[in-house]
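Since the structure comes first, as structure tokens, the remarks are kept for the end.
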Amino acid sequence: VAVDVIVWLVLNGIISEEKKHRLLCQQNLRNLWRKAADKRLERAPEDSDAMKAWLSDSSTKAALDDLMVRLDFSVSNELPETKAVAPDEAPPIGTMMPGQAPAPVAHTTSKATVASKARGREGFKEKLRKELSMHID
């Protein structure tokens, strides 16, 4: 049982580190684009006539667009639909109320992908169990 717990902890640690690595790669790519855009904006001319031409340039507009952070502050001006429900008419827990949208699905994976990952993890678990049992016994 102790080996299974250790295997579970190691696997979860590896999965967590993989997610962190992917996120870091995405951040690095975003920073590359932002760095190039920042350099373009730092080379702005000081002369007002040259500044107008520089601002109308498509690469300057693209650089400004890359560095802009867009926030959505839109607020609906309509009240949400509400319906009073008597306690004896309440639906069972876990069912949706009338007019309620189903929860969004984050992503879908095929059964073949899940099975392939499971086989890979099982093989890794087995190797890890053997290695740990040699050291624990």
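Quick note on naming: the chains in the structure tokens go A, B, ... in the order shown, residues restart at 1 in each chain, and ligands are numbered from 1 in order of appearance.
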
Item to check | region 36-40 of chain A environment, 8 Å, only C-alpha atoms, sequence neighbours closer than 4 positions dropped, as a ChimeraX atom specification | outcome: /A:32,44,60,62-64,66-67

Checklist entry - Could you work out how far CA of Ser58 (chain A) lies from CA of Leu29 (chain A), giving the answer in Å with one decimal? => result 21.8 Å

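Across the model, the gap from CA of Lys19 (chain A) to CA of Arg129 (chain A) is 23.8 Å.
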
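Note that the spacing between CA of Asp4 (chain A) and CA of Glu122 (chain A) amounts to 11.8 Å.
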
Next on the checklist: So that I can check the surroundings of Trp8 (chain A), please list as a ChimeraX atom specification every protein, DNA and RNA residue that reaches within 12 Å of it, counting only C-alpha atoms and ignoring chain neighbours fewer than 3 positions away.
Outcome noted: /A:1-5,11-15,121-122,124-126,128-129
